[in-house]
Amino acid sequence: MKKIKKFILILILPLFAFTTLHKFYVSVTNINYSDQDKSLQIISRIFIDDFEDTLEERYQIKPKLMSDKEMSNIDLYIERYLKHHLNVKVNNKKVDLKYLGKEYDNDVVKCYIEIEGIDADALKSIEVENSLLFELFEKQNNIVHFKIDDLRKSFSLISGNDKALLNF
């Protein structure tokens, strides 16, 4: 009988180990310069469940992303949220973000944004403030990857340290 209890305990014990796991909160934003379009092209990848929770909390809505019950005007809320929590300055001047739309990729929503009228020859600095999901997830980590011509640089932004500055 004792052997059976030990055996059951050994089988059950590993299950308890997983109850202490913490969820990992992360978004990834790629910022690439397009010489052809003279623009900064931005793609932000955000986990759907975290983004839904944040939109619901912020705007008191039920977004239902990637479902047949998705709100018909959800892009308006996404655009408003992104423009509030993703700010870009080029040469120390705040620039307008043009929200192009979104698409879903498994459990991630990819948000497409563009900043037009950027001349690479006149580019001296890019500053990005990325506070996506910080209001709901204390441990949120927003990774920003820059690719400007041959230059590649990455930043890990957290609450309290949500700005990245790239000088040329």
# chains A, B, ... in the order shown; residues from 1 in each chain; ligands from 1
>>> residues_around(residues="Gly117 (chain A)", least_positions_apart="4", cutoff="9 Å", atoms="only C-alpha atoms", output="PyMOL selection string")
chain A and resi 37-40
>>> select_by_dssp(residues="chain A", states="alpha helix (DSSP H)", output="count of residues only")
40
>>> select_by_dssp(residues="region 16-159 of chain A", states="strand (DSSP E)", output="PyMOL selection string")
chain A and resi 26-34+39-47+86-90+93-94+98-105+108-116+125-130+141-148+151-158
>>> closest_residue(among="A:Leu165, A:Leu136, A:Ile143, A:Ile158", to="Glu57 (chain A)", atoms="only C-alpha atoms")
A:Leu136
>>> closest_residue(among="A:Arg152, A:His85, A:His145, A:Lys98", to="Asn130 (chain A)", atoms="only C-alpha atoms")
A:His85
>>> atom_distance(atom1="CA of Val88 (chain A)", atom2="CA of Ile115 (chain A)")
9.0 Å
>>> closest_residue(among="A:Lys62, A:Lys153, A:Lys83, A:Lys139", to="Ile113 (chain A)", atoms="only C-alpha atoms")
A:Lys83
>>> residues_around(residues="Leu157 (chain A)", least_positions_apart="3", cutoff="8 Å", atoms="only C-alpha atoms", output="PyMOL selection string")
chain A and resi 130+141-144+161-164
>>> atom_distance(atom1="CA of Tyr99 (chain A)", atom2="CA of Thr29 (chain A)")
13.9 Å
>>> closest_residue(among="A:Met66, A:Val90, A:Leu166, A:Cys111", to="Phe146 (chain A)", atoms="only C-alpha atoms")
A:Leu166
>>> closest_residue(among="A:Val108, A:Ser131, A:Phe137, A:Leu76", to="Tyr59 (chain A)", atoms="only C-alpha atoms")
A:Leu76
>>> atom_distance(atom1="CA of Leu82 (chain A)", atom2="CA of Asp49 (chain A)")
16.2 Å
>>> residues_around(residues="Ile43 (chain A)", least_positions_apart="5", cutoff="9 Å", atoms="only C-alpha atoms", output="MDAnalysis selection string")
chainID A and resid 28:32 110:114
>>> closest_residue(among="A:Ile42, A:Leu55, A:Ile78, A:Val128", to="Ser156 (chain A)", atoms="only C-alpha atoms")
A:Val128
>>> residues_around(residues="Asp150 (chain A)", least_positions_apart="4", cutoff="12 Å", atoms="only C-alpha atoms", output="count of residues only")
7
